[in-house]
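Note: the block below is input-v9.txt and it holds compact mmCIF, C-alpha atoms.
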```
# COMPACT_ATOMS: atom_id res chain seq x y z
CA MET A 1 13.35 -24.06 39.81
CA LEU A 2 10.00 -24.85 38.13
CA GLN A 3 8.77 -21.33 38.81
CA ARG A 4 11.91 -19.88 37.14
CA ARG A 5 11.33 -22.03 34.04
CA VAL A 6 7.71 -20.91 33.80
CA ILE A 7 8.70 -17.25 34.16
CA SER A 8 11.49 -17.69 31.62
CA ARG A 9 9.13 -19.30 29.13
CA ALA A 10 6.56 -16.59 29.75
CA PHE A 11 9.07 -13.87 28.95
CA TRP A 12 10.22 -15.84 25.86
CA ALA A 13 6.62 -16.08 24.64
CA LEU A 14 6.02 -12.42 25.39
CA GLY A 15 9.09 -11.56 23.34
CA TRP A 16 7.73 -13.44 20.33
CA VAL A 17 4.33 -11.76 20.71
CA SER A 18 5.97 -8.34 20.90
CA ALA A 19 8.11 -9.06 17.86
CA PHE A 20 5.06 -10.27 15.94
CA ALA A 21 3.17 -7.12 16.92
CA VAL A 22 6.00 -4.95 15.65
CA LEU A 23 6.20 -6.87 12.39
CA SER A 24 2.44 -6.74 11.98
CA GLY A 25 2.50 -3.01 12.58
CA CYS A 26 5.15 -2.61 9.88
CA GLY A 27 2.96 -4.50 7.44
CA GLN A 28 -0.01 -2.26 8.24
CA ASP A 29 2.05 0.88 7.70
CA LYS A 30 3.20 -0.17 4.22
CA PRO A 31 2.05 2.41 1.65
CA ALA A 32 -0.88 1.31 -0.52
CA PHE A 33 0.82 1.96 -3.85
CA LYS A 34 -0.99 1.18 -7.08
CA GLY A 35 2.28 0.77 -8.97
CA VAL A 36 4.76 -2.04 -8.34
CA ASP A 37 6.66 -1.34 -5.12
CA ILE A 38 10.39 -1.89 -5.75
CA THR A 39 11.64 0.02 -2.73
CA GLY A 40 15.17 -1.11 -1.90
CA ALA A 41 15.89 -2.50 -5.37
CA ASP A 42 19.56 -2.74 -6.33
CA TYR A 43 18.94 -1.41 -9.84
CA ALA A 44 17.61 1.89 -11.26
CA GLN A 45 19.87 3.81 -8.88
CA GLY A 46 20.21 6.97 -10.93
CA PHE A 47 21.89 8.54 -13.94
CA SER A 48 24.44 11.12 -15.04
CA LEU A 49 23.53 12.22 -18.56
CA SER A 50 23.37 15.34 -20.70
CA ASP A 51 19.99 17.00 -21.09
CA GLN A 52 18.50 18.77 -24.10
CA ASP A 53 20.54 21.87 -23.30
CA GLY A 54 23.85 20.03 -22.94
CA GLN A 55 23.88 20.19 -19.14
CA VAL A 56 24.80 17.03 -17.22
CA ARG A 57 21.95 16.08 -14.91
CA THR A 58 21.68 13.65 -12.00
CA LEU A 59 18.91 12.78 -9.56
CA LYS A 60 20.36 15.26 -7.07
CA ASP A 61 19.23 18.08 -9.38
CA PHE A 62 15.63 17.15 -8.60
CA ALA A 63 15.85 16.76 -4.82
CA GLY A 64 12.50 17.40 -3.16
CA LYS A 65 10.53 16.17 -6.17
CA THR A 66 9.16 12.82 -7.19
CA VAL A 67 10.85 11.86 -10.45
CA VAL A 68 9.34 9.63 -13.13
CA VAL A 69 11.85 8.25 -15.66
CA PHE A 70 10.75 6.81 -18.99
CA PHE A 71 12.94 5.37 -21.76
CA GLY A 72 11.89 5.77 -25.39
CA PHE A 73 12.57 7.59 -28.64
CA THR A 74 11.01 10.56 -30.39
CA GLN A 75 9.81 8.64 -33.46
CA CYS A 76 7.92 6.15 -31.28
CA PRO A 77 4.36 6.15 -32.69
CA ASP A 78 2.22 5.52 -29.62
CA VAL A 79 3.81 4.03 -26.47
CA CYS A 80 6.13 6.94 -25.72
CA PRO A 81 3.61 9.77 -26.27
CA THR A 82 1.09 7.89 -24.13
CA ALA A 83 3.55 7.49 -21.26
CA LEU A 84 4.64 11.13 -21.30
CA GLN A 85 1.06 12.36 -21.61
CA GLU A 86 0.14 10.36 -18.50
CA ILE A 87 2.86 12.16 -16.57
CA ALA A 88 1.58 15.51 -17.84
CA GLN A 89 -2.00 14.63 -16.85
CA ALA A 90 -0.87 13.42 -13.43
CA LYS A 91 0.80 16.79 -12.84
CA LYS A 92 -2.53 18.50 -13.53
CA LEU A 93 -4.42 16.13 -11.23
CA LEU A 94 -2.00 16.97 -8.41
CA GLY A 95 -2.88 20.66 -8.56
CA ALA A 96 -0.29 22.80 -6.77
CA ASP A 97 1.77 19.67 -6.03
CA GLY A 98 2.11 19.05 -9.75
CA ALA A 99 5.24 21.18 -9.69
CA LYS A 100 6.79 18.50 -7.46
CA LEU A 101 6.43 15.81 -10.13
CA GLN A 102 9.35 15.78 -12.57
CA GLY A 103 9.05 13.93 -15.86
CA ILE A 104 12.31 12.70 -17.43
CA PHE A 105 12.57 11.13 -20.88
CA ILE A 106 15.74 9.16 -21.70
CA THR A 107 16.22 8.37 -25.36
CA VAL A 108 17.33 4.94 -26.52
CA ASP A 109 17.94 6.43 -29.98
CA PRO A 110 20.79 8.94 -29.60
CA GLU A 111 21.70 8.39 -33.24
CA ARG A 112 18.61 10.26 -34.46
CA ASP A 113 17.46 12.08 -31.31
CA THR A 114 19.56 15.22 -31.37
CA PRO A 115 19.41 17.67 -28.47
CA GLU A 116 17.34 20.06 -30.62
CA LEU A 117 14.85 17.34 -31.51
CA LEU A 118 14.58 16.18 -27.90
CA LYS A 119 13.99 19.72 -26.70
CA ALA A 120 11.12 20.23 -29.13
CA TYR A 121 9.69 16.79 -28.37
CA VAL A 122 9.42 17.02 -24.58
CA ALA A 123 8.11 20.58 -24.81
CA ASN A 124 4.91 19.05 -26.18
CA PHE A 125 4.23 17.57 -22.75
CA GLY A 126 5.28 20.43 -20.48
CA ALA A 127 7.80 23.22 -20.18
CA ASP A 128 9.57 21.53 -17.26
CA PHE A 129 10.00 18.08 -18.83
CA VAL A 130 13.64 17.04 -19.15
CA ALA A 131 15.08 14.92 -21.96
CA LEU A 132 18.36 13.06 -21.46
CA ARG A 133 20.56 11.84 -24.29
CA PRO A 134 23.09 9.12 -23.48
CA SER A 135 26.08 8.88 -25.79
CA PRO A 136 26.28 5.63 -27.81
CA GLU A 137 28.85 4.49 -25.24
CA GLN A 138 26.64 5.40 -22.25
CA LEU A 139 23.44 3.86 -23.61
CA PRO A 140 24.25 0.18 -22.89
CA LYS A 141 25.24 0.99 -19.31
CA VAL A 142 22.26 3.14 -18.37
CA THR A 143 19.77 0.71 -19.93
CA LYS A 144 21.44 -2.17 -18.11
CA ASP A 145 21.32 -0.21 -14.85
CA PHE A 146 17.55 0.22 -15.29
CA LYS A 147 16.99 -3.26 -16.77
CA ILE A 148 15.62 -1.70 -19.95
CA TYR A 149 15.30 -3.82 -23.08
CA TYR A 150 15.77 -2.15 -26.46
CA LYS A 151 16.50 -3.48 -29.94
CA LYS A 152 16.83 -1.79 -33.30
CA VAL A 153 14.44 -3.09 -35.95
CA ASP A 154 15.65 -2.37 -39.48
CA GLY A 155 13.44 -0.40 -41.87
CA LYS A 156 13.44 -0.01 -45.64
CA THR A 157 16.29 2.49 -45.44
CA PRO A 158 19.21 2.86 -43.00
CA THR A 159 17.50 5.76 -41.23
CA SER A 160 13.93 4.45 -41.18
CA TYR A 161 14.54 1.87 -38.48
CA THR A 162 12.36 1.62 -35.40
CA LEU A 163 13.06 0.38 -31.88
CA ASP A 164 11.45 -2.20 -29.67
CA HIS A 165 11.86 -1.21 -26.02
CA SER A 166 10.53 -1.66 -22.50
CA ALA A 167 7.42 0.41 -21.91
CA GLY A 168 7.32 0.87 -18.13
CA SER A 169 8.63 3.80 -16.11
CA PHE A 170 10.35 4.28 -12.76
CA THR A 171 9.40 6.59 -9.91
CA PHE A 172 11.86 8.01 -7.38
CA ASP A 173 10.81 9.66 -4.13
CA PRO A 174 11.84 13.21 -3.09
CA GLN A 175 14.97 11.78 -1.44
CA GLY A 176 16.12 10.25 -4.73
CA ARG A 177 15.33 6.64 -3.78
CA ILE A 178 13.84 4.23 -6.28
CA ARG A 179 10.33 3.29 -5.12
CA LEU A 180 8.05 2.18 -7.95
CA TYR A 181 7.89 0.51 -11.33
CA ASN A 182 4.94 1.81 -13.30
CA ARG A 183 3.37 -0.48 -15.89
CA HIS A 184 2.59 1.08 -19.25
CA ALA A 185 -0.84 2.71 -19.60
CA SER A 186 -1.68 2.39 -15.89
CA GLY A 187 -3.37 5.77 -16.07
CA ALA A 188 -2.69 9.29 -14.84
CA GLU A 189 -4.93 8.79 -11.80
CA THR A 190 -2.83 5.82 -10.68
CA LEU A 191 0.39 7.79 -11.01
CA ALA A 192 -1.03 10.85 -9.25
CA SER A 193 -2.24 8.67 -6.35
CA ASP A 194 1.21 7.14 -5.86
CA VAL A 195 2.96 10.50 -6.13
CA LYS A 196 0.70 11.89 -3.38
CA ILE A 197 1.81 9.07 -1.10
CA LEU A 198 5.50 9.70 -1.85
CA LEU A 199 5.14 13.44 -1.32
CA SER A 200 3.58 12.75 2.08
CA GLY A 201 6.88 11.20 3.16
CA LYS A 202 5.92 7.52 3.09
```
Mind converting the file's structure to structure tokens?
Amino acid sequence: MLQRRVISRAFWALGWVSAFAVLSGCGQDKPAFKGVDITGADYAQGFSLSDQDGQVRTLKDFAGKTVVVFFGFTQCPDVCPTALQEIAQAKKLLGADGAKLQGIFITVDPERDTPELLKAYVANFGADFVALRPSPEQLPKVTKDFKIYYKKVDGKTPTSYTLDHSAGSFTFDPQGRIRLYNRHASGAETLASDVKILLSGK
């Protein structure tokens, strides 16, 4: 009877060691992202919005690419151009794989950001950049889905207002899964490094 108990306890202990080894292995295999890993998050799940050409786009349209989504507005003086320029620079740093990085700009100012204006704006950062324009009815939902803060700040005239808004961006892997939150001004090198990891299948 004593021998059975010892054997039973030995197998129980071995089971815990094996489980720990598996868990430890999982920890070691975790990708070394430089951005904030939000894999498995229950927000930022996607979009269905019209682009600068009037075509409705979803994440499925960009299958096989890493997708970086940034919310802003065309009259933003510095934050928005900086964010989009980082995406453009990251594409260059990736070389041939740069074609697998898709930049998407979602306006939080559909009142002033017409499709024509959005088309001209994103063209400054690359021919393949996509701009999305939510309707006034869609804007609250898509910003809530992505946990984006935005607030109109009145100017001297009704049309000279500006907007305070969240400055980070979101990266989706080639399978369309949300993976990273990218802090503003993290740098093109940081983004390119993380995109390489996602393109490798991790």
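Coordinates place atom CA of A:Asp37 at a distance of 4.7 Å from atom CA of A:Leu180.
The list of residues with at least one atom within 8 Å of A:Ile38, based on all atoms listed in the file and without residues fewer than 5 positions apart in the same chain, reads Ile178, Arg179, Leu180 and Tyr181 of chain A.
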Could you save the residues just selected, with C-alpha atoms, as a compact mmCIF listing (two decimals), in the frame of the given file?
```
# COMPACT_ATOMS: atom_id res chain seq x y z
CA ILE A 178 13.84 4.23 -6.28
CA ARG A 179 10.33 3.29 -5.12
CA LEU A 180 8.05 2.18 -7.95
CA TYR A 181 7.89 0.51 -11.33
```
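Of the residues listed (A:Ser169, A:Thr74, A:Thr39, A:Ser186), A:Ser169 shows the shortest atom-to-atom separation from A:Ile104; distances use all atoms listed in the file.
Take atom CA of A:Asp53 and atom CA of A:Pro134: the distance between them is 13.0 Å.
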Counting only C-alpha atoms, the option among A:Val122, A:Val108, A:Leu132, A:Leu93 closest to A:Val56 = A:Leu132
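Here atom CA of A:Asp113 and atom CA of A:Ala185 stand 23.7 Å from one another.
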With a distance cut-off of 7 Å and only C-alpha atoms, select the neighbouring residues of A:Ile87, excluding the residue or stretch itself and same-chain residues fewer than 3 positions from it, and output the selection as a ChimeraX atom specification.
-> /A:83-84,90-91,103,188
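Shortest separation to A:Arg133 among A:Leu101, A:Ala32, A:Val69, A:Ile106 occurs at residue A:Ile106, atoms counted being only C-alpha atoms.
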